Amino acid sequence: MKKILVTGAAGFIGAHLVQRLTAAGAEVVGVDNMTDYYDPQLKKDRLVQLAAGERFRHIHLNIADRAAMEKLFQDHRFEAVVNLAAQPGVRYSLINPHSYVDTNIVGFVNLLEGCRYSGVKHFVYASSSSVYGANTKHPYSVHDNVDHPVSLYAASKKSNELMAHTYSHLFGLPTTGLRFFTVYGPWGRPDMAPVLFARAILAGEPISVFNDGNMERDFTYIDDIVEGVVRVIGKIPEPNPEWSGDDPDPASSYCPYRLYNIGNNQKEKLLHFIEILEEHLGKKAVKNFLPMQPGDVPVTYANVDELIRDFNYKPATSLEEGVRRFVVWYRDYYR
């Protein structure tokens with residue numbers, strides 16, 4: 001794919017992806033509305049890192065702006081579109097639900113319409129491990145039913161998968177949804193646990209540890225996520241000839257539609273993550289144990305068999321190495 005649109009290009013995953021794509025020779029147009037959900041300075045600094053490349057152009061744009069999105073697709077002919085723009089955060093969705101509808105639903109259909117009318121060859125979009133909601137069978141499989149979300153954020157991501165399938169069915173638009181699992185690493189969002197914990201630990205302030213420390217997460221390093229996305233972009237999904245409406249497989253379809261988990265395929269206790277972070281920061285955390293938060297789940301754990309089967313790929317960065325790289329960046333960026 002020579003010309004690619006990346007939405008959320010100033011975001012955590014978006015900036016890493018743009019850097020990887022341009023280094024590989026692709027021409028990338030990135031859009032981001034630079035929302036103040038967290039300090040926009042971090043997004044500006046990410047863009048500074050990208051501006052050095054000749055193959056990247058950034059456009060300040062809100063994907064929920066229908067007229068602006070129509071003009072974007074009129075002005076450019078993209079071979080592939082990667083949607084990483086979203087209102088993130090499970091807990092924030094309890095406070096400001098409308099922002100999730102505006103970006104994750106309205107913005108998403110604007111992208112689908114743009115792809116539909118401009119002949120985009122492949123629409124790739126970020127879903128989330130949050131869609132597994134109340135499921136308790138582990139590891140989570142893309143073949144499992146996910147009809148019981150426990151947050152509006154999760155419901156919006158499940159909606160994206162359903163909307164994508166509709167466009168694959170009606171208009172033959174090839175779509176691939178990627179369920180990311182607990183992404184961390186350099187340039188991470190300040191509302192995410194690694195940055196929150198690192199800042200508090202170094203300041204000698206207590207960190208909030210929910211579910212009394214009994215949380216388990218499938219921590220996935222940012223470079224592993226990006227590698228998975230890049231491989232997926234280049235493989236246009238095809239209809240599954242074995243798909244049957246009598247026993248429908250949620251991960252595929254009779255139309256060009258696919259879903260994949262991208263996770264480390266290894267659940268880790270949150271307390272173990274904190275221990276590694278303490279080791280690399282050289283300071284112990286003061287822990288404030290709290291109950292489970294509304295909308296949260298105790299365990300995330302990815303089955304990545306389909307990723308291995310179709311792309312010969314499995315994330316492999318160890319938690320120890322990933323946290324080490326994160327701390328090196330954190331100390332440098334935040335001085």
# chains A, B, ... in the order shown; residues from 1 in each chain; ligands from 1
>>> residues_around(residues="Ser159 (chain A)", least_positions_apart="3", cutoff="10 Å", atoms="only C-alpha atoms", output="VMD selection string")
chain A and resid 104 to 105 108 127 131 153 to 156 162 to 165
>>> write_last_selection(atoms="N, CA, C and O atoms", output="mmCIF file, in the first residue's frame")
data_model
loop_
_atom_site.group_PDB
_atom_site.id
_atom_site.type_symbol
_atom_site.label_atom_id
_atom_site.label_comp_id
_atom_site.auth_asym_id
_atom_site.auth_seq_id
_atom_site.Cartn_x
_atom_site.Cartn_y
_atom_site.Cartn_z
ATOM 1 N N ASN A 104 -16.308 7.677 18.309
ATOM 2 C CA ASN A 104 -16.225 6.243 18.040
ATOM 3 C C ASN A 104 -17.364 5.725 17.168
ATOM 4 O O ASN A 104 -17.219 4.671 16.552
ATOM 5 N N ILE A 105 -18.473 6.435 17.126
ATOM 6 C CA ILE A 105 -19.605 5.994 16.298
ATOM 7 C C ILE A 105 -19.773 6.896 15.072
ATOM 8 O O ILE A 105 -19.676 6.447 13.926
ATOM 9 N N PHE A 108 -16.642 7.020 13.015
ATOM 10 C CA PHE A 108 -16.395 5.737 12.357
ATOM 11 C C PHE A 108 -17.222 5.589 11.080
ATOM 12 O O PHE A 108 -16.717 5.129 10.050
ATOM 13 N N SER A 127 -10.069 -2.140 17.302
ATOM 14 C CA SER A 127 -11.107 -2.502 18.250
ATOM 15 C C SER A 127 -10.415 -2.573 19.615
ATOM 16 O O SER A 127 -9.441 -1.859 19.850
ATOM 17 N N VAL A 131 -14.076 -5.430 24.375
ATOM 18 C CA VAL A 131 -15.320 -5.977 23.824
ATOM 19 C C VAL A 131 -15.694 -7.309 24.467
ATOM 20 O O VAL A 131 -16.854 -7.719 24.423
ATOM 21 N N TYR A 153 -17.458 2.452 26.359
ATOM 22 C CA TYR A 153 -16.293 2.356 25.477
ATOM 23 C C TYR A 153 -16.285 1.007 24.759
ATOM 24 O O TYR A 153 -16.132 0.942 23.533
ATOM 25 N N ALA A 154 -16.466 -0.068 25.515
ATOM 26 C CA ALA A 154 -16.493 -1.408 24.921
ATOM 27 C C ALA A 154 -17.653 -1.541 23.936
ATOM 28 O O ALA A 154 -17.496 -2.121 22.851
ATOM 29 N N ALA A 155 -18.804 -1.004 24.290
ATOM 30 C CA ALA A 155 -19.970 -1.080 23.407
ATOM 31 C C ALA A 155 -19.711 -0.333 22.102
ATOM 32 O O ALA A 155 -20.136 -0.769 21.022
ATOM 33 N N SER A 156 -18.993 0.789 22.184
ATOM 34 C CA SER A 156 -18.694 1.546 20.959
ATOM 35 C C SER A 156 -17.750 0.764 20.052
ATOM 36 O O SER A 156 -17.875 0.805 18.822
ATOM 37 N N LEU A 162 -19.538 -4.309 14.160
ATOM 38 C CA LEU A 162 -20.812 -4.573 13.482
ATOM 39 C C LEU A 162 -20.981 -3.664 12.267
ATOM 40 O O LEU A 162 -21.442 -4.100 11.208
ATOM 41 N N MET A 163 -20.622 -2.391 12.420
ATOM 42 C CA MET A 163 -20.737 -1.443 11.313
ATOM 43 C C MET A 163 -19.812 -1.839 10.167
ATOM 44 O O MET A 163 -20.188 -1.774 8.989
ATOM 45 N N ALA A 164 -18.589 -2.256 10.515
ATOM 46 C CA ALA A 164 -17.638 -2.677 9.488
ATOM 47 C C ALA A 164 -18.181 -3.874 8.713
ATOM 48 O O ALA A 164 -18.077 -3.933 7.474
ATOM 49 N N HIS A 165 -18.767 -4.829 9.434
ATOM 50 C CA HIS A 165 -19.316 -5.998 8.755
ATOM 51 C C HIS A 165 -20.417 -5.600 7.781
ATOM 52 O O HIS A 165 -20.523 -6.145 6.668
#
>>> select_by_dssp(residues="region 125-282 of chain A", states="helix (DSSP H, G or I)", output="PyMOL selection string")
chain A and resi 129-132+152-171+193-203+210-213+222-233+270-281
>>> residues_around(residues="Leu290 (chain A)", least_positions_apart="6", cutoff="7 Å", atoms="only C-alpha atoms", output="PyMOL selection string")
chain A and resi 208-212
>>> atom_distance(atom1="CA of Leu281 (chain A)", atom2="CA of Met215 (chain A)")
21.6 Å
>>> residues_around(residues="Pro294 (chain A)", least_positions_apart="6", cutoff="10 Å", atoms="only C-alpha atoms", output="NGL selection string")
:A and (90-91 or 94 or 150-151)
>>> write_last_selection(atoms="C-alpha atoms", output="PDB file, in the first residue's frame")
ATOM      1  CA  VAL A  90     -13.089   2.758  30.128  1.00  0.00           C
ATOM      2  CA  ARG A  91     -13.580   4.871  33.246  1.00  0.00           C
ATOM      3  CA  LEU A  94     -18.871   6.759  32.686  1.00  0.00           C
ATOM      4  CA  VAL A 150     -19.524  -3.700  30.559  1.00  0.00           C
ATOM      5  CA  SER A 151     -18.657  -0.131  29.513  1.00  0.00           C
TER       6      SER A 151
END
>>> closest_atom_pairs(of="region 56-146 of chain A", to="region 168-181 of chain A", cutoff="8 Å", atoms="only C-alpha atoms", output="Markdown table")
| residue | atom | partner | partner_atom | distance |
| --- | --- | --- | --- | --- |
| A:Cys115 | CA | A:Leu173 | CA | 7.6 |
| A:Arg116 | CA | A:Leu173 | CA | 6.7 |
| A:Val120 | CA | A:Leu173 | CA | 7.7 |
| A:Lys121 | CA | A:Pro174 | CA | 6.7 |
| A:His122 | CA | A:Pro174 | CA | 5.1 |
| A:Phe123 | CA | A:Thr175 | CA | 4.7 |
| A:Val124 | CA | A:Thr176 | CA | 4.8 |
| A:Tyr125 | CA | A:Gly177 | CA | 5.1 |
| A:Ala126 | CA | A:Leu178 | CA | 5.0 |
| A:Ser127 | CA | A:Arg179 | CA | 4.5 |
| A:Ser128 | CA | A:Arg179 | CA | 4.1 |
| A:Ser129 | CA | A:Arg179 | CA | 5.2 |
>>> write_last_selection(atoms="C-alpha atoms", output="compact mmCIF listing (two decimals), in the first residue's frame")
# COMPACT_ATOMS: atom_id res chain seq x y z
CA CYS A 115 -13.82 4.31 2.04
CA ARG A 116 -17.02 3.24 0.29
CA VAL A 120 -10.20 2.15 -0.60
CA LYS A 121 -8.76 -1.36 -0.87
CA HIS A 122 -8.55 -2.15 2.85
CA PHE A 123 -10.04 -0.54 5.95
CA VAL A 124 -8.20 -1.54 9.14
CA TYR A 125 -9.50 -0.32 12.50
CA ALA A 126 -8.65 -0.58 16.16
CA SER A 127 -11.11 -2.50 18.25
CA SER A 128 -10.29 -3.44 21.85
CA SER A 129 -9.97 -6.31 24.29
>>> residues_around(residues="Ala285 (chain A)", least_positions_apart="4", cutoff="7 Å", atoms="only C-alpha atoms", output="PyMOL selection string")
chain A and resi 201+206-207+278
>>> residues_around(residues="region 221-236 of chain A", least_positions_apart="2", cutoff="8 Å", atoms="only C-alpha atoms", output="ChimeraX atom specification")
/A:1,13,16-17,20-21,80,82,121-122,124,174-176,178,180,183-186,219,238,256,262-264,311,313,315-317,319,322
>>> write_last_selection(atoms="N, CA, C and O atoms", output="CSV table (one decimal), in the first residue's frame")
chain,number,residue,atom,x,y,z
A,1,MET,N,0.8,-1.2,0.0
A,1,MET,CA,0.0,0.0,0.0
A,1,MET,C,0.9,1.2,0.0
A,1,MET,O,1.7,1.5,0.9
A,13,ILE,N,-0.5,5.0,19.7
A,13,ILE,CA,-0.2,3.9,18.7
A,13,ILE,C,-0.1,4.6,17.3
A,13,ILE,O,0.8,4.1,16.5
A,16,HIS,N,3.5,5.9,16.5
A,16,HIS,CA,4.4,4.8,16.3
A,16,HIS,C,4.2,4.1,14.9
A,16,HIS,O,5.1,3.8,14.2
A,17,LEU,N,2.9,4.0,14.5
A,17,LEU,CA,2.6,3.4,13.2
A,17,LEU,C,3.0,4.2,12.1
A,17,LEU,O,3.6,3.7,11.1
A,20,ARG,N,6.7,3.9,11.5
A,20,ARG,CA,7.0,2.6,10.9
A,20,ARG,C,6.7,2.6,9.4
A,20,ARG,O,7.4,2.1,8.6
A,21,LEU,N,5.5,3.1,9.0
A,21,LEU,CA,5.0,3.1,7.6
A,21,LEU,C,5.9,4.0,6.8
A,21,LEU,O,6.3,3.6,5.6
A,80,ALA,N,-5.2,2.4,1.5
A,80,ALA,CA,-5.6,1.8,2.8
A,80,ALA,C,-5.9,2.9,3.8
A,80,ALA,O,-5.3,4.0,3.7
A,82,VAL,N,-6.3,3.3,8.1
A,82,VAL,CA,-6.1,2.7,9.4
A,82,VAL,C,-6.7,3.6,10.4
A,82,VAL,O,-6.2,4.7,10.6
A,121,LYS,N,-8.9,0.1,-0.7
A,121,LYS,CA,-8.8,-1.4,-0.9
A,121,LYS,C,-8.9,-2.1,0.4
A,121,LYS,O,-9.2,-3.3,0.5
A,122,HIS,N,-8.5,-1.4,1.6
A,122,HIS,CA,-8.6,-2.1,2.8
A,122,HIS,C,-8.8,-1.1,4.0
A,122,HIS,O,-8.0,-0.2,4.1
A,124,VAL,N,-8.7,-0.9,7.9
A,124,VAL,CA,-8.2,-1.5,9.1
A,124,VAL,C,-8.5,-0.6,10.3
A,124,VAL,O,-8.3,0.6,10.2
A,174,PRO,N,-13.4,-4.4,2.0
A,174,PRO,CA,-12.6,-5.3,2.9
A,174,PRO,C,-12.3,-4.6,4.2
A,174,PRO,O,-11.7,-3.5,4.2
A,175,THR,N,-12.6,-5.2,5.3
A,175,THR,CA,-12.4,-4.6,6.6
A,175,THR,C,-11.7,-5.6,7.6
A,175,THR,O,-12.1,-6.8,7.6
A,176,THR,N,-10.8,-5.1,8.4
A,176,THR,CA,-10.2,-5.9,9.4
A,176,THR,C,-10.2,-5.2,10.7
A,176,THR,O,-9.6,-4.1,10.8
A,178,LEU,N,-9.0,-5.0,14.7
A,178,LEU,CA,-7.9,-5.5,15.6
A,178,LEU,C,-8.2,-5.2,17.0
A,178,LEU,O,-8.3,-4.0,17.4
A,180,PHE,N,-6.9,-4.8,20.4
A,180,PHE,CA,-5.6,-4.6,21.1
A,180,PHE,C,-5.7,-4.9,22.6
A,180,PHE,O,-6.8,-4.6,23.2
A,183,VAL,N,-1.9,-2.0,25.7
A,183,VAL,CA,-0.7,-1.6,25.0
A,183,VAL,C,0.1,-0.6,25.9
A,183,VAL,O,-0.5,0.2,26.6
A,184,TYR,N,1.4,-0.8,25.9
A,184,TYR,CA,2.3,0.1,26.8
A,184,TYR,C,3.6,0.3,26.0
A,184,TYR,O,3.9,-0.4,25.1
A,185,GLY,N,4.3,1.3,26.5
A,185,GLY,CA,5.6,1.6,25.9
A,185,GLY,C,5.9,3.1,25.8
A,185,GLY,O,5.1,3.9,26.3
A,186,PRO,N,7.0,3.4,25.2
A,186,PRO,CA,7.4,4.9,25.1
A,186,PRO,C,6.3,5.7,24.4
A,186,PRO,O,5.7,5.2,23.5
A,219,PHE,N,-0.2,-7.6,28.9
A,219,PHE,CA,0.5,-6.4,28.5
A,219,PHE,C,1.2,-6.6,27.2
A,219,PHE,O,2.0,-7.6,27.0
A,238,GLU,N,-10.4,-11.9,2.7
A,238,GLU,CA,-11.3,-12.5,1.7
A,238,GLU,C,-12.4,-13.2,2.4
A,238,GLU,O,-12.3,-13.6,3.6
A,256,PRO,N,-15.7,-10.0,2.8
A,256,PRO,CA,-14.3,-9.8,3.2
A,256,PRO,C,-14.2,-9.0,4.5
A,256,PRO,O,-14.0,-7.8,4.6
A,262,ILE,N,-4.6,-8.9,19.0
A,262,ILE,CA,-3.2,-8.7,19.0
A,262,ILE,C,-2.8,-8.5,20.5
A,262,ILE,O,-3.0,-7.4,21.1
A,263,GLY,N,-2.3,-9.5,21.1
A,263,GLY,CA,-1.9,-9.5,22.5
A,263,GLY,C,-0.6,-10.3,22.7
A,263,GLY,O,-0.2,-11.1,21.8
A,264,ASN,N,0.0,-10.2,23.9
A,264,ASN,CA,1.2,-11.0,24.1
A,264,ASN,C,1.0,-12.4,24.4
A,264,ASN,O,1.9,-13.2,24.6
A,311,PHE,N,-0.6,-14.7,9.6
A,311,PHE,CA,0.5,-13.8,9.4
A,311,PHE,C,1.8,-14.3,9.9
A,311,PHE,O,2.8,-13.6,9.9
A,313,TYR,N,2.8,-14.6,12.9
A,313,TYR,CA,3.3,-13.6,13.8
A,313,TYR,C,2.7,-13.7,15.2
A,313,TYR,O,1.5,-14.0,15.3
A,315,PRO,N,3.3,-11.5,19.0
A,315,PRO,CA,4.1,-10.6,19.9
A,315,PRO,C,5.0,-11.3,20.8
A,315,PRO,O,4.6,-12.4,21.4
A,316,ALA,N,6.2,-10.8,21.0
A,316,ALA,CA,7.2,-11.6,21.8
A,316,ALA,C,8.0,-10.8,22.7
A,316,ALA,O,8.9,-11.3,23.4
A,317,THR,N,7.8,-9.4,22.8
A,317,THR,CA,8.6,-8.6,23.7
A,317,THR,C,8.2,-9.0,25.2
A,317,THR,O,7.0,-8.9,25.5
A,319,LEU,N,7.8,-8.6,29.2
A,319,LEU,CA,7.4,-7.5,30.1
A,319,LEU,C,8.6,-6.8,30.7
A,319,LEU,O,8.6,-5.6,30.7
A,322,GLY,N,10.1,-4.7,27.9
A,322,GLY,CA,9.2,-3.6,27.5
A,322,GLY,C,9.2,-2.5,28.6
A,322,GLY,O,9.2,-1.3,28.3
>>> closest_residue(among="A:Tyr92, A:Arg258, A:Gly204, A:Arg309", to="Lys287 (chain A)", atoms="only C-alpha atoms")
A:Gly204
>>> closest_residue(among="A:Lys267, A:Val81, A:Thr220, A:Phe273", to="Lys314 (chain A)", atoms="only C-alpha atoms")
A:Thr220
>>> select_by_dssp(residues="region 36-253 of chain A", states="strand (DSSP E or B)", output="PyMOL selection string")
chain A and resi 56-60+80-83+122-128+140+175-180+183-184+206-209+216-217+220-221
>>> residues_around(residues="Pro40 (chain A)", least_positions_apart="5", cutoff="12 Å", atoms="only C-alpha atoms", output="MDAnalysis selection string")
chainID A and resid 10:12 32:35 45:47 189:190
>>> write_last_selection(atoms="N, CA and C atoms", output="PDB file, in the first residue's frame")
ATOM      1  N   ALA A  10      -1.496  11.505  15.883  1.00  0.00           N
ATOM      2  CA  ALA A  10      -0.712  12.103  16.961  1.00  0.00           C
ATOM      3  C   ALA A  10      -0.865  11.322  18.263  1.00  0.00           C
ATOM      4  N   GLY A  11      -1.640  10.251  18.223  1.00  0.00           N
ATOM      5  CA  GLY A  11      -1.862   9.428  19.402  1.00  0.00           C
ATOM      6  C   GLY A  11      -0.724   8.459  19.651  1.00  0.00           C
ATOM      7  N   PHE A  12      -0.845   7.712  20.725  1.00  0.00           N
ATOM      8  CA  PHE A  12       0.193   6.775  21.152  1.00  0.00           C
ATOM      9  C   PHE A  12       0.511   5.752  20.062  1.00  0.00           C
ATOM     10  N   ASP A  32      -5.706  14.167  13.047  1.00  0.00           N
ATOM     11  CA  ASP A  32      -5.908  14.137  14.498  1.00  0.00           C
ATOM     12  C   ASP A  32      -6.536  15.470  14.884  1.00  0.00           C
ATOM     13  N   ASN A  33      -7.481  15.459  15.804  1.00  0.00           N
ATOM     14  CA  ASN A  33      -8.096  16.719  16.226  1.00  0.00           C
ATOM     15  C   ASN A  33      -7.443  17.296  17.479  1.00  0.00           C
ATOM     16  N   MET A  34      -6.378  16.633  17.963  1.00  0.00           N
ATOM     17  CA  MET A  34      -5.574  17.139  19.077  1.00  0.00           C
ATOM     18  C   MET A  34      -6.447  17.450  20.302  1.00  0.00           C
ATOM     19  N   THR A  35      -7.367  16.553  20.610  1.00  0.00           N
ATOM     20  CA  THR A  35      -8.261  16.743  21.745  1.00  0.00           C
ATOM     21  C   THR A  35      -7.490  16.953  23.042  1.00  0.00           C
ATOM     22  N   ASP A  45       4.487  16.892  20.671  1.00  0.00           N
ATOM     23  CA  ASP A  45       5.859  16.369  20.688  1.00  0.00           C
ATOM     24  C   ASP A  45       5.985  15.101  19.848  1.00  0.00           C
ATOM     25  N   ARG A  46       4.938  14.279  19.844  1.00  0.00           N
ATOM     26  CA  ARG A  46       4.959  13.105  18.961  1.00  0.00           C
ATOM     27  C   ARG A  46       5.030  13.548  17.498  1.00  0.00           C
ATOM     28  N   LEU A  47       4.253  14.584  17.156  1.00  0.00           N
ATOM     29  CA  LEU A  47       4.240  15.065  15.769  1.00  0.00           C
ATOM     30  C   LEU A  47       5.587  15.648  15.368  1.00  0.00           C
ATOM     31  N   ARG A 189       0.119   7.167  26.721  1.00  0.00           N
ATOM     32  CA  ARG A 189      -0.791   8.198  27.227  1.00  0.00           C
ATOM     33  C   ARG A 189      -0.590   8.407  28.736  1.00  0.00           C
ATOM     34  N   PRO A 190      -0.706   9.636  29.198  1.00  0.00           N
ATOM     35  CA  PRO A 190      -0.502   9.911  30.629  1.00  0.00           C
ATOM     36  C   PRO A 190      -1.633   9.421  31.527  1.00  0.00           C
TER      37      PRO A 190
END
